[in-house]
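Enquirer: Quick one: structure below, then a few questions.
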Amino acid sequence: MDDKQPDKYGQGTVQEQVWGNNLWTRIFLGLPFLGATLVTIVDSEDWPIREMWPALLAFGVMTVTVIRPTVRITAHELVIRYPVGGRRVRRSEVVSARFNYFGLVIRLRDGGTAFAFLAPKLTSTELSSGGQPEPGNAAYEITQWAKGSAS
């Protein structure tokens, strides 16, 4: 999404940014589950096929786990979507963001953290060398966005 929204912190406008799988990637990742479901339904001599439903359920859960997680910044908040549920963090509460080996860790002003299932760009040296987040990287952009609220 490229919606420009007024920034109440005096920084002009904030462009909404989203990290995670785009629409076409989500469709592509969902096709195997859709195919397995259709094969189970269409290719059944003895309806219902009770042996396949637990496998389809597990496959569906794995598909949602891969497809759904995203991170989005707007003018006023950080929105984190998990495989089930989500979290909204006000801009004034965010201090910075860094990637670790498990995902994106967002430091909050109260000393707590928020976690997002997100990986750095493949070209990023942040994990391998411990370097600073690079411009365009989710951690960098979230940190800069948070610094805009402090001023």
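As shown in the structure tokens, the chain order sets the letters A, B, ...; within each chain, residues go from 1, and ligands are also counted from 1 in the order they appear.
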Any idea what's packed within 9 Å of Leu56 in chain A, counting only C-alpha atoms, ignoring anything in its chain fewer than 2 positions away? Could you give it as an NGL selection string?

Expert: :A and (33 or 36-37 or 40 or 52-54 or 58-61)

Enquirer: Which neighbours of range 113-115 of chain A fall inside 8 Å, counting only C-alpha atoms, when residues of the same chain fewer than 6 positions from it are skipped, and could you give them as a list in words?

Expert: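 Near neighbours after the sequence-gap exclusion: Gly103, Leu104, Val105, Ile106 and Arg107 of chain A.
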
Enquirer: Per DSSP on the backbone, filter range 46-96 of chain A down to the residues in alpha helix (DSSP H) and report them as a list in words.

Expert: Trp53, Pro54, Ala55, Leu56, Leu57, Ala58, Phe59, Gly60, Val61, Met62, Thr63, Val64, Thr65, Val66 and Ile67 of chain A

Enquirer: Output the selection as a compact mmCIF listing (two decimals), in the first residue's frame - N, CA, C and O atoms for each residue.

Expert:
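As written to disk, part-v3.txt reads:
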# COMPACT_ATOMS: atom_id res chain seq x y z
N TRP A 53 -8.43 -36.04 6.43
CA TRP A 53 -8.76 -34.77 7.07
C TRP A 53 -7.74 -34.32 8.11
O TRP A 53 -7.41 -33.13 8.16
N PRO A 54 -7.17 -35.21 8.92
CA PRO A 54 -6.14 -34.72 9.84
C PRO A 54 -4.91 -34.18 9.11
O PRO A 54 -4.34 -33.15 9.51
N ALA A 55 -4.53 -34.83 8.01
CA ALA A 55 -3.38 -34.34 7.24
C ALA A 55 -3.71 -33.00 6.59
O ALA A 55 -2.86 -32.09 6.57
N LEU A 56 -4.92 -32.85 6.06
CA LEU A 56 -5.32 -31.57 5.47
C LEU A 56 -5.37 -30.46 6.51
O LEU A 56 -4.98 -29.32 6.24
N LEU A 57 -5.83 -30.78 7.70
CA LEU A 57 -5.86 -29.78 8.77
C LEU A 57 -4.45 -29.32 9.12
O LEU A 57 -4.18 -28.11 9.23
N ALA A 58 -3.53 -30.26 9.27
CA ALA A 58 -2.14 -29.91 9.57
C ALA A 58 -1.52 -29.10 8.43
O ALA A 58 -0.81 -28.10 8.67
N PHE A 59 -1.78 -29.50 7.20
CA PHE A 59 -1.27 -28.79 6.03
C PHE A 59 -1.86 -27.37 5.98
O PHE A 59 -1.16 -26.42 5.65
N GLY A 60 -3.13 -27.21 6.32
CA GLY A 60 -3.76 -25.90 6.35
C GLY A 60 -3.16 -24.99 7.40
O GLY A 60 -2.92 -23.81 7.16
N VAL A 61 -2.88 -25.54 8.57
CA VAL A 61 -2.25 -24.76 9.64
C VAL A 61 -0.86 -24.30 9.21
O VAL A 61 -0.47 -23.15 9.43
N MET A 62 -0.09 -25.19 8.58
CA MET A 62 1.24 -24.81 8.10
C MET A 62 1.15 -23.72 7.02
O MET A 62 1.96 -22.79 7.01
N THR A 63 0.16 -23.83 6.15
CA THR A 63 -0.01 -22.83 5.10
C THR A 63 -0.32 -21.46 5.70
O THR A 63 0.27 -20.45 5.31
N VAL A 64 -1.23 -21.40 6.65
CA VAL A 64 -1.58 -20.12 7.29
C VAL A 64 -0.37 -19.57 8.05
O VAL A 64 -0.14 -18.35 8.04
N THR A 65 0.41 -20.43 8.67
CA THR A 65 1.59 -19.99 9.41
C THR A 65 2.60 -19.31 8.49
O THR A 65 3.26 -18.35 8.88
N VAL A 66 2.71 -19.77 7.26
CA VAL A 66 3.65 -19.20 6.32
C VAL A 66 3.09 -17.95 5.63
O VAL A 66 3.80 -16.99 5.38
N ILE A 67 1.79 -17.95 5.35
CA ILE A 67 1.19 -16.88 4.55
C ILE A 67 0.87 -15.62 5.35
O ILE A 67 1.10 -14.51 4.89

Enquirer: Choose the residue, out of A:Phe102, A:Arg109, A:Asn21, A:Phe117, that has the smallest atom-to-atom separation from Pro83 in chain A; count only C-alpha atoms.

Expert: A:Phe117

Enquirer: From the list A:Arg68, A:Gly111, A:Arg88, A:Glu51, which residue is nearest Leu29 in chain A when using only C-alpha atoms?

Expert: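 Using only C-alpha atoms, the shortest distance to Leu29 in chain A belongs to A:Arg68.
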
Enquirer: As number ranges by chain, please: all residues of range 16-122 of chain A that backbone DSSP puts in strand (DSSP E).

Expert: A: 17-20, 70-73, 77-81, 86-90, 94-99, 104-108, 113-116

Enquirer: When you look at Val94 in chain A with a cut-off of 10 Å (counting only C-alpha atoms), what residues show up, excluding the ones that are within fewer than 3 positions of it in the same chain? I need them as a PyMOL selection string.

Expert: chain A and resi 77-78+89-91+97+106-114+142-143+145-147+149-150

Enquirer: The selected residues should be written to file as a PDB file, in the first residue's frame (atoms: C-alpha atoms).

Expert:
ATOM      1  CA  GLU A  77       1.023   2.702  14.818  1.00  0.00           C
ATOM      2  CA  LEU A  78       2.924  -0.472  14.061  1.00  0.00           C
ATOM      3  CA  VAL A  89       1.818  -0.789  18.984  1.00  0.00           C
ATOM      4  CA  ARG A  90       1.533   2.995  19.126  1.00  0.00           C
ATOM      5  CA  ARG A  91       4.336   4.884  17.448  1.00  0.00           C
ATOM      6  CA  ALA A  97      13.913  -2.701  15.815  1.00  0.00           C
ATOM      7  CA  ILE A 106      10.964  -4.405  18.402  1.00  0.00           C
ATOM      8  CA  ARG A 107      12.170  -2.639  21.563  1.00  0.00           C
ATOM      9  CA  LEU A 108       9.533  -0.677  23.435  1.00  0.00           C
ATOM     10  CA  ARG A 109       9.939   2.385  25.689  1.00  0.00           C
ATOM     11  CA  ASP A 110       8.735   0.484  28.770  1.00  0.00           C
ATOM     12  CA  GLY A 111      11.621  -1.996  28.383  1.00  0.00           C
ATOM     13  CA  GLY A 112       9.485  -4.721  26.835  1.00  0.00           C
ATOM     14  CA  THR A 113       9.669  -6.154  23.359  1.00  0.00           C
ATOM     15  CA  ALA A 114       7.334  -7.083  20.547  1.00  0.00           C
ATOM     16  CA  ILE A 142      10.874   0.975  11.760  1.00  0.00           C
ATOM     17  CA  THR A 143      13.729   2.507  13.794  1.00  0.00           C
ATOM     18  CA  TRP A 145       9.882   5.822  11.900  1.00  0.00           C
ATOM     19  CA  ALA A 146      10.090   5.526  15.706  1.00  0.00           C
ATOM     20  CA  LYS A 147      12.741   8.266  15.924  1.00  0.00           C
ATOM     21  CA  SER A 149       7.940  10.319  17.089  1.00  0.00           C
ATOM     22  CA  ALA A 150      10.652  11.266  19.581  1.00  0.00           C
TER      23      ALA A 150
END
